[in-house]
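Presented below is the structure to which this report refers.
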There are 2 protein chains.
Amino acid sequence: MDYDYKEAMKLKYQLCFPLYAAARNVIGHYSPYLKPLGLTYTQYIVLLVLWEKDGVTVGEICDKLLLDNGTLSPLLKKMEKDGLVERRRSIDDDRVVIITLTDKGKELQIKAKDVPVKVAGCVNLTQEKVQALYSLLYELIETNK
Amino acid sequence: MDYDYKEAMKLKYQLCFPLYAAARNVIGHYSPYLKPLGLTYTQYIVLLVLWEKDGVTVGEICDKLLLDNGTLSPLLKKMEKDGLVERRRSIDDDRVVIITLTDKGKELQIKAKDVPVKVAGCVNLTQEKVQALYSLLYELIETNK
DNA sequence: TACAATATAATTGCATACAACATAAACGAG
DNA sequence: CTCGTTTATGTTGTATGCAATTATATTGTA
């Protein structure tokens with residue numbers, strides 16, 4: 001039989017669709033918990049990085065979050081304006097900007113400590129399936145860098 | 001042992017992160033093939049819906065793509081301006097807007113017929129893993145609607 | 001030491017996304 | 001029939017994302 005390109009083009013066969021939809025779905029579950037803290041989802045994952053290791057460069061945050069600096073540069077400026085982080089040039093290399101948590105930024109970690117649990121509670125998948133999903137996603141990301 | 005919330009808050013344990021990163025990664029693989037056709041990714045998945053079934057309402061497209069009408073309304077207007085679709089009010093119900101492909105919109109399907117294959121070629125996962133990923137993602141979406 | 005190549009951030013332009021609100025049409029109970 | 005409710009779409013405001021470009025600093029090398 002000939003290759004049926006019209007069949008192959010159906011939405012349900014495109015991996016991108018459920019991937020993107022699932023991502024937006026899960027991210028959407030964060031809003032109710034982040035909004036009271038005055039955080040957006042992207043600000044939250046930036047904080048996740050900084051709570052793990054404070055004082056990192058803009059470039060490091062880009063690498064860890066796999067986000068463009070065109071996304072993060074303005075975001076970090078806004079987070080500075082909101083008093084969550086400080087931005088200062090490195091003494092060693094004046095090209096580099098180092099991002100540091102303020103006290104307010106540090107304190108937010110405790111206020112946000114239940115967020116992962118609450119969001120996990122919204123995702124109706126067994127622990128095994130979540131694990132399987134993790135490894136597939138990380139494999140996808142790693143092999144396509 | 002007490003619950004270690006700082007450990008649980010590490011980026012690598014948040015499902016949202018690899019999910020969103022993988023989605024953006026895969027979507028990014030479309031650009032090189034869509035740009036020559038003058039299409040963005042979102043316009044492309046709207047066309048996927050219309051190529052499957054022409055003449056659907058704005059609401060149906062929102063439902064199928066799981067996107068907000070605040071996203072799709074302006075997008076469909078732009079696609080009309082670009083000559084890809086037509087927008088007309090339903091005769092039966094004047095609230096409803098029906099989207100129809102123009103000839104140009106129909107012809108694009110042939111020009112785009114290799115896109116799914118080419119993108120699939122960029123995703124370095126075995127067919128079994130892709131299948132596993134599909135079912136997990138669809139389960140995640142379905143159970144969280 | 002000049003100076004081209006490279007590296008790091010920031011900026012600009014364009015295209016989504018979604019929440020919240022607005023508008024207009026259709027529906028439905030009384 | 002009628003008016004409050006619901007439905008379908010559009011608009012506004014805010015926040016990402018990324019490509020492409022710019023600005024500045026550093027590095028490598030003749």
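The chains in the structure tokens are called A, B, ... from first to last as shown; in each chain the residues are counted from 1, and the ligands are counted from 1 in the order shown.
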
Which residues of stretch 24-69 of chain B come within 10 Å of stretch 6-27 of chain D, and what is each one's closest atom pair and distance in Å (one decimal), counting only C-alpha atoms (C1' of nucleotides), sorted by chain and residue number, as a tab-separated table?
residue	atom	partner	partner_atom	distance
B:Arg24	CA	D:DG17	C1'	9.1
B:Gly28	CA	D:DC18	C1'	9.2
B:Thr57	CA	D:DA8	C1'	9.4
B:Val58	CA	D:DT9	C1'	7.8
B:Gly59	CA	D:DA8	C1'	7.3
B:Asn69	CA	D:DT9	C1'	7.7

Any chance you could export the current selection's C-alpha atoms as a PDB file, in the first residue's frame?
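Okay, this is what ended up in result.pdb:
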ATOM      1  CA  ARG B  24       9.489  23.122  23.485  1.00  0.00           C
ATOM      2  CA  GLY B  28      11.474  23.742  17.985  1.00  0.00           C
ATOM      3  CA  THR B  57     -16.290  26.150  14.598  1.00  0.00           C
ATOM      4  CA  VAL B  58     -13.810  28.191  16.594  1.00  0.00           C
ATOM      5  CA  GLY B  59     -14.960  26.363  19.700  1.00  0.00           C
ATOM      6  CA  ASN B  69     -10.099  31.118  22.442  1.00  0.00           C
TER       7      ASN B  69
END

Please list as number ranges by chain every residue within 10 Å of B:Ile27, counting only C-alpha atoms (C1' of nucleotides) and excluding residues in the same chain fewer than 6 positions away.
A: 15-17, 19-20; B: 21, 41-42, 119

Next, write the just-selected residues to a file, as a PDB file, in the first residue's frame, keeping C-alpha atoms as the atom set.
ATOM      1  CA  LEU A  15       3.891  13.633  19.344  1.00  0.00           C
ATOM      2  CA  CYS A  16       4.158  17.393  19.710  1.00  0.00           C
ATOM      3  CA  PHE A  17       0.485  17.764  20.455  1.00  0.00           C
ATOM      4  CA  LEU A  19       3.437  16.733  24.763  1.00  0.00           C
ATOM      5  CA  TYR A  20       2.655  20.408  24.586  1.00  0.00           C
TER       6      TYR A  20
ATOM      7  CA  ALA B  21      11.286  21.372  28.068  1.00  0.00           C
ATOM      8  CA  TYR B  41       3.753  25.900  14.808  1.00  0.00           C
ATOM      9  CA  THR B  42       0.358  26.965  16.129  1.00  0.00           C
ATOM     10  CA  VAL B 119      10.280  15.861  12.612  1.00  0.00           C
TER      11      VAL B 119
END

Which chain B residues have any atom within 10 Å of an atom of chain C, and for each, what is the nearest pair of atoms with distance in Å to one decimal, counting only C-alpha atoms (C1' of nucleotides), rows sorted by chain and number, as CSV?
residue,atom,partner,partner_atom,distance
B:Thr40,CA,C:DA15,C1',8.1
B:Tyr41,CA,C:DT16,C1',9.6
B:Thr42,CA,C:DT16,C1',7.8
B:Leu67,CA,C:DA17,C1',8.0
B:Asp68,CA,C:DC18,C1',6.8
B:Asn69,CA,C:DC18,C1',9.1
B:Gly70,CA,C:DC18,C1',7.1
B:Thr71,CA,C:DA17,C1',6.1
B:Leu72,CA,C:DT16,C1',9.4
B:Leu75,CA,C:DT16,C1',8.9
B:Asp93,CA,C:DA25,C1',7.7
B:Asp94,CA,C:DA25,C1',6.3
B:Arg95,CA,C:DA25,C1',5.6
B:Val96,CA,C:DA25,C1',9.2

Using only C-alpha atoms, find the residues of chain A whose closest atom to chain B is at most 7 Å away, then write them as a short mmCIF file (atom, residue, chain, number, x, y, z; two decimals) with N, CA and C atoms, in the first residue's frame.
data_model
loop_
_atom_site.label_atom_id
_atom_site.label_comp_id
_atom_site.auth_asym_id
_atom_site.auth_seq_id
_atom_site.Cartn_x
_atom_site.Cartn_y
_atom_site.Cartn_z
N TYR A 5 -0.23 9.80 3.44
CA TYR A 5 0.26 10.97 4.17
C TYR A 5 -0.86 11.69 4.91
N MET A 9 -0.87 12.62 8.93
CA MET A 9 -0.91 14.01 9.36
C MET A 9 -2.01 14.29 10.38
N LYS A 10 -2.72 13.27 10.79
CA LYS A 10 -3.77 13.50 11.79
C LYS A 10 -3.15 13.94 13.11
N LEU A 11 -3.85 14.82 13.76
CA LEU A 11 -3.35 15.42 15.00
C LEU A 11 -2.91 14.37 16.01
N LEU A 15 3.43 13.66 17.95
CA LEU A 15 3.89 13.63 19.34
C LEU A 15 3.84 15.02 19.99
N CYS A 16 4.13 16.03 19.18
CA CYS A 16 4.16 17.39 19.71
C CYS A 16 2.88 17.77 20.42
N PRO A 18 0.23 16.02 22.21
CA PRO A 18 0.00 15.64 23.61
C PRO A 18 1.12 16.13 24.51
N LEU A 19 2.31 16.27 23.97
CA LEU A 19 3.44 16.73 24.76
C LEU A 19 3.20 18.16 25.23
N TYR A 20 2.88 19.00 24.28
CA TYR A 20 2.65 20.41 24.59
C TYR A 20 1.40 20.58 25.44
N ALA A 21 0.35 19.84 25.09
CA ALA A 21 -0.90 19.97 25.84
C ALA A 21 -0.71 19.52 27.28
N ALA A 22 0.02 18.41 27.47
CA ALA A 22 0.25 17.91 28.83
C ALA A 22 1.09 18.90 29.61
N ALA A 23 2.07 19.49 28.96
CA ALA A 23 2.93 20.46 29.64
C ALA A 23 2.11 21.66 30.10
N VAL A 26 -0.18 20.62 33.05
CA VAL A 26 0.49 20.51 34.34
C VAL A 26 0.90 21.89 34.86
N ILE A 27 1.44 22.72 33.98
CA ILE A 27 1.84 24.06 34.39
C ILE A 27 0.63 24.84 34.91
N LEU A 48 13.56 27.71 41.85
CA LEU A 48 13.97 26.33 42.13
C LEU A 48 15.46 26.17 41.90
N VAL A 49 15.93 26.77 40.82
CA VAL A 49 17.36 26.70 40.51
C VAL A 49 18.18 27.40 41.60
N GLU A 52 18.42 25.71 44.96
CA GLU A 52 19.37 24.59 44.96
C GLU A 52 20.79 25.09 45.07
N LEU A 66 16.93 25.24 30.25
CA LEU A 66 16.80 25.10 28.80
C LEU A 66 15.97 26.23 28.21
N LYS A 113 6.86 25.56 50.03
CA LYS A 113 7.33 24.17 50.21
C LYS A 113 6.27 23.12 49.92
N PRO A 116 5.04 21.53 45.39
CA PRO A 116 5.25 20.28 44.64
C PRO A 116 4.27 19.19 45.04
N VAL A 123 -2.00 15.50 39.62
CA VAL A 123 -1.66 14.64 38.49
C VAL A 123 -2.09 13.21 38.80
N ASN A 124 -3.12 12.78 38.10
CA ASN A 124 -3.71 11.48 38.40
C ASN A 124 -3.02 10.34 37.67
N LEU A 125 -1.77 10.12 38.00
CA LEU A 125 -1.04 8.99 37.42
C LEU A 125 -0.39 8.23 38.57
N LEU A 133 7.27 8.15 32.75
CA LEU A 133 7.17 9.39 31.98
C LEU A 133 8.44 10.21 32.12
N TYR A 134 8.92 10.34 33.36
CA TYR A 134 10.17 11.05 33.62
C TYR A 134 11.30 10.55 32.73
N LEU A 136 11.36 8.76 30.05
CA LEU A 136 11.17 8.98 28.62
C LEU A 136 11.42 10.43 28.25
N LEU A 137 10.90 11.33 29.08
CA LEU A 137 11.06 12.76 28.78
C LEU A 137 12.53 13.18 28.85
N TYR A 138 13.22 12.70 29.89
CA TYR A 138 14.63 13.07 30.01
C TYR A 138 15.45 12.48 28.87
N LEU A 140 14.31 11.91 25.90
CA LEU A 140 13.97 12.75 24.73
C LEU A 140 14.79 14.04 24.73
N ILE A 141 14.83 14.68 25.89
CA ILE A 141 15.56 15.94 25.99
C ILE A 141 17.06 15.74 25.76
N THR A 143 18.76 13.32 24.27
CA THR A 143 19.20 12.88 22.95
C THR A 143 18.96 13.93 21.88
N ASN A 144 18.28 14.99 22.22
CA ASN A 144 17.98 16.01 21.21
C ASN A 144 18.64 17.34 21.46
#

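If only C-alpha atoms are the atoms counted, then among B:Thr126, B:Cys62, B:Gly38, B:Gln43 the closest residue to B:Val85 is B:Gln43.
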
How many Å lie between atom CA of B:Thr102 and atom CA of B:Gly55, rounded to one decimal?
10.5 Å

Can you check which residues of stretch 9-94 of chain B DSSP gives as alpha helix (DSSP H) on the backbone and send them as a PDB file with N, CA and C atoms, in the first residue's frame?
ATOM      1  N   CYS B  16       6.830  18.947  35.758  1.00  0.00           N
ATOM      2  CA  CYS B  16       6.573  20.055  34.839  1.00  0.00           C
ATOM      3  C   CYS B  16       7.794  20.387  33.994  1.00  0.00           C
ATOM      4  N   PHE B  17       8.967  20.291  34.601  1.00  0.00           N
ATOM      5  CA  PHE B  17      10.157  20.767  33.912  1.00  0.00           C
ATOM      6  C   PHE B  17      10.518  19.956  32.661  1.00  0.00           C
ATOM      7  N   PRO B  18      10.737  18.624  32.791  1.00  0.00           N
ATOM      8  CA  PRO B  18      11.059  17.877  31.569  1.00  0.00           C
ATOM      9  C   PRO B  18       9.904  17.859  30.582  1.00  0.00           C
ATOM     10  N   LEU B  19       8.701  17.960  31.103  1.00  0.00           N
ATOM     11  CA  LEU B  19       7.532  17.956  30.230  1.00  0.00           C
ATOM     12  C   LEU B  19       7.547  19.186  29.332  1.00  0.00           C
ATOM     13  N   TYR B  20       7.694  20.322  29.956  1.00  0.00           N
ATOM     14  CA  TYR B  20       7.680  21.586  29.210  1.00  0.00           C
ATOM     15  C   TYR B  20       8.913  21.689  28.316  1.00  0.00           C
ATOM     16  N   ALA B  21      10.052  21.291  28.847  1.00  0.00           N
ATOM     17  CA  ALA B  21      11.286  21.372  28.068  1.00  0.00           C
ATOM     18  C   ALA B  21      11.213  20.466  26.842  1.00  0.00           C
ATOM     19  N   ALA B  22      10.688  19.248  27.039  1.00  0.00           N
ATOM     20  CA  ALA B  22      10.579  18.322  25.908  1.00  0.00           C
ATOM     21  C   ALA B  22       9.605  18.867  24.875  1.00  0.00           C
ATOM     22  N   ALA B  23       8.521  19.454  25.340  1.00  0.00           N
ATOM     23  CA  ALA B  23       7.532  20.014  24.411  1.00  0.00           C
ATOM     24  C   ALA B  23       8.173  21.116  23.577  1.00  0.00           C
ATOM     25  N   ARG B  24       8.878  22.034  24.230  1.00  0.00           N
ATOM     26  CA  ARG B  24       9.489  23.122  23.485  1.00  0.00           C
ATOM     27  C   ARG B  24      10.567  22.604  22.553  1.00  0.00           C
ATOM     28  N   ASN B  25      11.276  21.586  23.029  1.00  0.00           N
ATOM     29  CA  ASN B  25      12.312  20.982  22.196  1.00  0.00           C
ATOM     30  C   ASN B  25      11.720  20.414  20.899  1.00  0.00           C
ATOM     31  N   VAL B  26      10.680  19.616  21.035  1.00  0.00           N
ATOM     32  CA  VAL B  26      10.072  19.000  19.851  1.00  0.00           C
ATOM     33  C   VAL B  26       9.464  20.058  18.945  1.00  0.00           C
ATOM     34  N   ILE B  27       8.771  21.017  19.545  1.00  0.00           N
ATOM     35  CA  ILE B  27       8.165  22.076  18.744  1.00  0.00           C
ATOM     36  C   ILE B  27       9.242  22.848  17.981  1.00  0.00           C
ATOM     37  N   GLY B  28      10.373  23.040  18.638  1.00  0.00           N
ATOM     38  CA  GLY B  28      11.474  23.742  17.985  1.00  0.00           C
ATOM     39  C   GLY B  28      11.950  23.047  16.725  1.00  0.00           C
ATOM     40  N   SER B  31      10.213  24.293  13.252  1.00  0.00           N
ATOM     41  CA  SER B  31      10.496  25.580  12.598  1.00  0.00           C
ATOM     42  C   SER B  31      11.191  25.468  11.251  1.00  0.00           C
ATOM     43  N   PRO B  32      12.286  24.695  11.165  1.00  0.00           N
ATOM     44  CA  PRO B  32      13.008  24.658   9.882  1.00  0.00           C
ATOM     45  C   PRO B  32      12.138  24.184   8.725  1.00  0.00           C
ATOM     46  N   TYR B  33      11.127  23.365   9.036  1.00  0.00           N
ATOM     47  CA  TYR B  33      10.271  22.845   7.972  1.00  0.00           C
ATOM     48  C   TYR B  33       9.038  23.711   7.744  1.00  0.00           C
ATOM     49  N   LEU B  34       8.597  24.390   8.794  1.00  0.00           N
ATOM     50  CA  LEU B  34       7.385  25.207   8.670  1.00  0.00           C
ATOM     51  C   LEU B  34       7.675  26.602   8.135  1.00  0.00           C
ATOM     52  N   TYR B  41       4.183  27.185  14.260  1.00  0.00           N
ATOM     53  CA  TYR B  41       3.753  25.900  14.808  1.00  0.00           C
ATOM     54  C   TYR B  41       2.262  25.887  15.116  1.00  0.00           C
ATOM     55  N   THR B  42       1.771  26.947  15.745  1.00  0.00           N
ATOM     56  CA  THR B  42       0.358  26.965  16.129  1.00  0.00           C
ATOM     57  C   THR B  42      -0.547  27.005  14.913  1.00  0.00           C
ATOM     58  N   GLN B  43      -0.141  27.757  13.909  1.00  0.00           N
ATOM     59  CA  GLN B  43      -0.915  27.770  12.663  1.00  0.00           C
ATOM     60  C   GLN B  43      -0.941  26.366  12.050  1.00  0.00           C
ATOM     61  N   TYR B  44       0.177  25.691  12.148  1.00  0.00           N
ATOM     62  CA  TYR B  44       0.273  24.336  11.586  1.00  0.00           C
ATOM     63  C   TYR B  44      -0.695  23.374  12.258  1.00  0.00           C
ATOM     64  N   ILE B  45      -0.783  23.395  13.592  1.00  0.00           N
ATOM     65  CA  ILE B  45      -1.692  22.438  14.232  1.00  0.00           C
ATOM     66  C   ILE B  45      -3.155  22.827  14.004  1.00  0.00           C
ATOM     67  N   VAL B  46      -3.418  24.115  13.791  1.00  0.00           N
ATOM     68  CA  VAL B  46      -4.778  24.504  13.395  1.00  0.00           C
ATOM     69  C   VAL B  46      -5.097  23.886  12.028  1.00  0.00           C
ATOM     70  N   LEU B  47      -4.122  23.936  11.135  1.00  0.00           N
ATOM     71  CA  LEU B  47      -4.330  23.349   9.809  1.00  0.00           C
ATOM     72  C   LEU B  47      -4.494  21.835   9.902  1.00  0.00           C
ATOM     73  N   LEU B  48      -3.762  21.186  10.800  1.00  0.00           N
ATOM     74  CA  LEU B  48      -3.928  19.741  10.978  1.00  0.00           C
ATOM     75  C   LEU B  48      -5.392  19.420  11.290  1.00  0.00           C
ATOM     76  N   VAL B  49      -5.991  20.239  12.158  1.00  0.00           N
ATOM     77  CA  VAL B  49      -7.398  20.031  12.503  1.00  0.00           C
ATOM     78  C   VAL B  49      -8.279  20.203  11.275  1.00  0.00           C
ATOM     79  N   LEU B  50      -8.016  21.266  10.506  1.00  0.00           N
ATOM     80  CA  LEU B  50      -8.872  21.565   9.351  1.00  0.00           C
ATOM     81  C   LEU B  50      -8.662  20.570   8.213  1.00  0.00           C
ATOM     82  N   TRP B  51      -7.454  20.080   8.064  1.00  0.00           N
ATOM     83  CA  TRP B  51      -7.207  19.086   7.012  1.00  0.00           C
ATOM     84  C   TRP B  51      -7.949  17.782   7.322  1.00  0.00           C
ATOM     85  N   GLU B  52      -8.125  17.515   8.611  1.00  0.00           N
ATOM     86  CA  GLU B  52      -8.879  16.311   8.979  1.00  0.00           C
ATOM     87  C   GLU B  52     -10.360  16.516   8.749  1.00  0.00           C
ATOM     88  N   VAL B  58     -14.939  27.748  15.771  1.00  0.00           N
ATOM     89  CA  VAL B  58     -13.810  28.191  16.594  1.00  0.00           C
ATOM     90  C   VAL B  58     -13.748  27.358  17.871  1.00  0.00           C
ATOM     91  N   GLY B  59     -14.905  27.134  18.458  1.00  0.00           N
ATOM     92  CA  GLY B  59     -14.960  26.363  19.700  1.00  0.00           C
ATOM     93  C   GLY B  59     -14.444  24.941  19.529  1.00  0.00           C
ATOM     94  N   GLU B  60     -14.777  24.328  18.387  1.00  0.00           N
ATOM     95  CA  GLU B  60     -14.302  22.963  18.144  1.00  0.00           C
ATOM     96  C   GLU B  60     -12.778  22.936  18.054  1.00  0.00           C
ATOM     97  N   ILE B  61     -12.221  23.934  17.405  1.00  0.00           N
ATOM     98  CA  ILE B  61     -10.759  23.993  17.294  1.00  0.00           C
ATOM     99  C   ILE B  61     -10.141  24.170  18.679  1.00  0.00           C
ATOM    100  N   CYS B  62     -10.735  25.038  19.475  1.00  0.00           N
ATOM    101  CA  CYS B  62     -10.253  25.218  20.855  1.00  0.00           C
ATOM    102  C   CYS B  62     -10.264  23.883  21.591  1.00  0.00           C
ATOM    103  N   ASP B  63     -11.372  23.149  21.473  1.00  0.00           N
ATOM    104  CA  ASP B  63     -11.502  21.883  22.192  1.00  0.00           C
ATOM    105  C   ASP B  63     -10.470  20.871  21.721  1.00  0.00           C
ATOM    106  N   LYS B  64     -10.314  20.766  20.420  1.00  0.00           N
ATOM    107  CA  LYS B  64      -9.409  19.753  19.885  1.00  0.00           C
ATOM    108  C   LYS B  64      -7.954  20.054  20.207  1.00  0.00           C
ATOM    109  N   LEU B  65      -7.601  21.329  20.179  1.00  0.00           N
ATOM    110  CA  LEU B  65      -6.204  21.708  20.428  1.00  0.00           C
ATOM    111  C   LEU B  65      -5.955  22.018  21.899  1.00  0.00           C
ATOM    112  N   ASN B  69      -9.670  30.328  23.600  1.00  0.00           N
ATOM    113  CA  ASN B  69     -10.099  31.118  22.442  1.00  0.00           C
ATOM    114  C   ASN B  69      -9.409  32.485  22.422  1.00  0.00           C
ATOM    115  N   GLY B  70      -8.880  32.887  23.547  1.00  0.00           N
ATOM    116  CA  GLY B  70      -8.063  34.101  23.573  1.00  0.00           C
ATOM    117  C   GLY B  70      -6.778  33.914  22.780  1.00  0.00           C
ATOM    118  N   THR B  71      -6.382  32.660  22.605  1.00  0.00           N
ATOM    119  CA  THR B  71      -5.223  32.347  21.770  1.00  0.00           C
ATOM    120  C   THR B  71      -5.655  32.201  20.311  1.00  0.00           C
ATOM    121  N   LEU B  72      -6.750  31.482  20.100  1.00  0.00           N
ATOM    122  CA  LEU B  72      -7.125  31.121  18.734  1.00  0.00           C
ATOM    123  C   LEU B  72      -7.871  32.203  17.970  1.00  0.00           C
ATOM    124  N   SER B  73      -8.674  32.990  18.638  1.00  0.00           N
ATOM    125  CA  SER B  73      -9.416  34.037  17.914  1.00  0.00           C
ATOM    126  C   SER B  73      -8.496  34.950  17.094  1.00  0.00           C
ATOM    127  N   PRO B  74      -7.504  35.528  17.730  1.00  0.00           N
ATOM    128  CA  PRO B  74      -6.605  36.402  16.939  1.00  0.00           C
ATOM    129  C   PRO B  74      -5.820  35.622  15.886  1.00  0.00           C
ATOM    130  N   LEU B  75      -5.446  34.379  16.243  1.00  0.00           N
ATOM    131  CA  LEU B  75      -4.665  33.564  15.319  1.00  0.00           C
ATOM    132  C   LEU B  75      -5.463  33.272  14.055  1.00  0.00           C
ATOM    133  N   LEU B  76      -6.731  32.937  14.224  1.00  0.00           N
ATOM    134  CA  LEU B  76      -7.578  32.621  13.070  1.00  0.00           C
ATOM    135  C   LEU B  76      -7.816  33.865  12.216  1.00  0.00           C
ATOM    136  N   LYS B  77      -7.889  35.002  12.868  1.00  0.00           N
ATOM    137  CA  LYS B  77      -8.015  36.252  12.111  1.00  0.00           C
ATOM    138  C   LYS B  77      -6.792  36.484  11.239  1.00  0.00           C
ATOM    139  N   LYS B  78      -5.626  36.209  11.822  1.00  0.00           N
ATOM    140  CA  LYS B  78      -4.404  36.384  11.062  1.00  0.00           C
ATOM    141  C   LYS B  78      -4.330  35.392   9.903  1.00  0.00           C
ATOM    142  N   MET B  79      -4.764  34.161  10.165  1.00  0.00           N
ATOM    143  CA  MET B  79      -4.740  33.148   9.108  1.00  0.00           C
ATOM    144  C   MET B  79      -5.714  33.519   7.995  1.00  0.00           C
ATOM    145  N   GLU B  80      -6.781  34.202   8.353  1.00  0.00           N
ATOM    146  CA  GLU B  80      -7.711  34.688   7.322  1.00  0.00           C
ATOM    147  C   GLU B  80      -7.023  35.766   6.494  1.00  0.00           C
ATOM    148  N   LYS B  81      -6.347  36.673   7.178  1.00  0.00           N
ATOM    149  CA  LYS B  81      -5.645  37.760   6.491  1.00  0.00           C
ATOM    150  C   LYS B  81      -4.573  37.199   5.564  1.00  0.00           C
TER     151      LYS B  81
END
